[in-house]
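> Just passing along the structure, written as C-alpha cells.
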Protein chains: 2
Amino acid sequence: MAKTKLTPDVLALVAQRFRALAEPARLQILQCMRRHEMTVTDLVGETGLGQANVSKHLQLLHAQGFVNRRKDGLFTYYALADQSVFALCDIMCSQLDSNARARRRVLAS
Amino acid sequence: MAKTKLTPDVLALVAQRFRALAEPARLQILQCMRRHEMTVTDLVGETGLGQANVSKHLQLLHAQGFVNRRKDGLFTYYALADQSVFALCDIMCSQLDSNARARRRVLAS
DNA sequence: TAACTACATTACGATACTGTTGTCGAGTGC
DNA sequence: GCACTCGACAACAGTATCGTAATGTAGTTA
C-alpha cells in the first residue's frame, strides 16, 4: 500500500489537506453536510458559528476540494465533494478507541 | 460507516489527531519509520531537520499515539504504532489525484 | 571522576491561523 | 428606485505553532 517514496512537494500537499481537517469547526461543518447540501445560513444556524467564520472555513474546504459549490440566486449551496472524509474520520476514531483502551490498560496495571 | 452524530469533544480529539499529521516534517518522520524503528539521531540524519525539532515532533506523535517509544541505554527508539497512518495518506493522495484531474479537466474546457 | 553522546526541555522570535467586526457586491421583492 | 437578505472579503486582535539556540539530564566510556 502506498508509494515507497513521497517527494517533499507531495508531502506538503498532503499535510495541507490534513490541516484542512485539523479544526473542530470544519469537521462540524462537514458533518452537517453529511446527508445533503446546505447554504451558508443553514450552516450558521446548525453550528452556531459566525457567518464570516463559516464562509471562510467553506472557502478553505472548497480550495482543498472537500466540498463543491453551487450558486442559486441569493444562496450558495455547499455539498460534500467526496464521502471519503468520513473514511478518514473513521480511521481516526478507531485509533482513538485503541489508544483509549491502551491507556486504560496501562492505568489498570 | 461512521457514527451519525459526533459530540464536540470527539470532534476536538479527531481534529487534534489530524493536526498531528498536518505538518510535512512529521509526515517525513513517519515515512522514515515505515520499515523499521529509528533513533532520534537516525531521523535527524535522514530528514535534515534539527535535533530539538525532531525530538519535539516525536513527542507530539507519541502523545497522539502514532508512534511507540523504547529506550535502550543511551538511545531512544521510535517505531510506528500503527500502519493505518499510511491508509490515511493513501486516501489523501487519491483525493489529490482526482482533484488534479478535475482541475485539468476544467482548464482544458 | 571527567569527558562525551543521545535525547529532552526551555525560551524565544517569526509566522500562521482562528474568530470577529465592519463593509461591500449581488440578487430579490416591494 | 429602495430596502432587504445572502454571502464574500478585508482588517484586526488574540492565540497557537514552527524552528532554533541554549541548557539540562541520563547513560556510556576512558
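Simple scheme: letters A, B, ... for chains in C-alpha cells order, numbers from 1 for residues in each chain, numbers from 1 for ligands in the order shown.
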Using only C-alpha atoms (C1' of nucleotides), which residues sit within 12 Å of Ala100 (chain A) once same-chain residues fewer than 5 positions away are excluded, as a PyMOL selection string?

(chain A and resi 93-95+105-107) or (chain B and resi 13+63-65)

> Output as a PDB file with C-alpha atoms, in the first residue's frame the set of chain A residues within 8 Å of chain C, with distances taken over only C-alpha atoms (C1' of nucleotides).


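For reference, out-v1.pdb as written:
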```pdb
ATOM      1  CA  GLY A  50     -20.398  33.286  12.910  1.00  0.00           C
ATOM      2  CA  ASN A  53     -16.309  32.409  10.033  1.00  0.00           C
ATOM      3  CA  GLY A  73     -29.953  33.150  -6.790  1.00  0.00           C
ATOM      4  CA  LEU A  74     -29.123  34.610  -3.424  1.00  0.00           C
TER       5      LEU A  74
END
```

> Which residues in region 1-47 of chain B does DSSP call helix (DSSP H, G or I)? List them as a PyMOL selection string.

chain B and resi 8-20+24-32+40-47

> I need the contact residues of chain A against chain D, so if you could list those with any atom within 9 Å, counting only C-alpha atoms (C1' of nucleotides), and return them as a list in words, that would help.

Val40, Thr41, Gln51, Ala52, Ser55, Lys56, Leu74, Phe75 and Thr76 of chain A

> For chain A, list the residues within 6 Å of chain B, counting only C-alpha atoms, and write the list as a list in words.

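Residues passing the distance filter: Ala2, Leu11, Ala12, Ala15, Phe18, Arg19, Ala22, Glu23, Pro24 and Asp90 of chain A.
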
> Quick one: pick out all strand (DSSP E or B) residues within chain B from a backbone DSSP run and write them as a list in words.

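DSSP on the backbone gives strand (DSSP E or B) at Met38, Thr39, Val67, Asn68, Arg69, Arg70, Lys71, Asp72, Phe75, Thr76, Tyr77, Tyr78, Ala79 and Leu80 of chain B.
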
> Suppose you want the space between CA of His57 (chain A) and CA of Leu61 (chain B); what is it in Å?

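Rounded to one decimal, the two atoms are 26.0 Å apart.
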
> Within 10 Å of His36 (chain A), counting only C-alpha atoms (C1' of nucleotides), which residues show up once you throw out same-chain ones fewer than 4 positions away? Write them as a PDB file with C-alpha atoms, in the first residue's frame, please.


```pdb
ATOM      1  CA  CYS A  32     -23.642  18.941   8.832  1.00  0.00           C
ATOM      2  CA  TYR A  77     -25.183  25.676  -1.722  1.00  0.00           C
ATOM      3  CA  TYR A  78     -22.283  23.669  -0.454  1.00  0.00           C
ATOM      4  CA  ALA A  79     -22.097  19.903  -0.659  1.00  0.00           C
ATOM      5  CA  LEU A  80     -19.565  17.221   0.105  1.00  0.00           C
TER       6      LEU A  80
END
```

> Could you tell me how far CA of Arg101 (chain A) lies from CA of Met33 (chain B), in Å and to one decimal?

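If I compute the distance from CA of Arg101 (chain A) to CA of Met33 (chain B), I get 24.0 Å.
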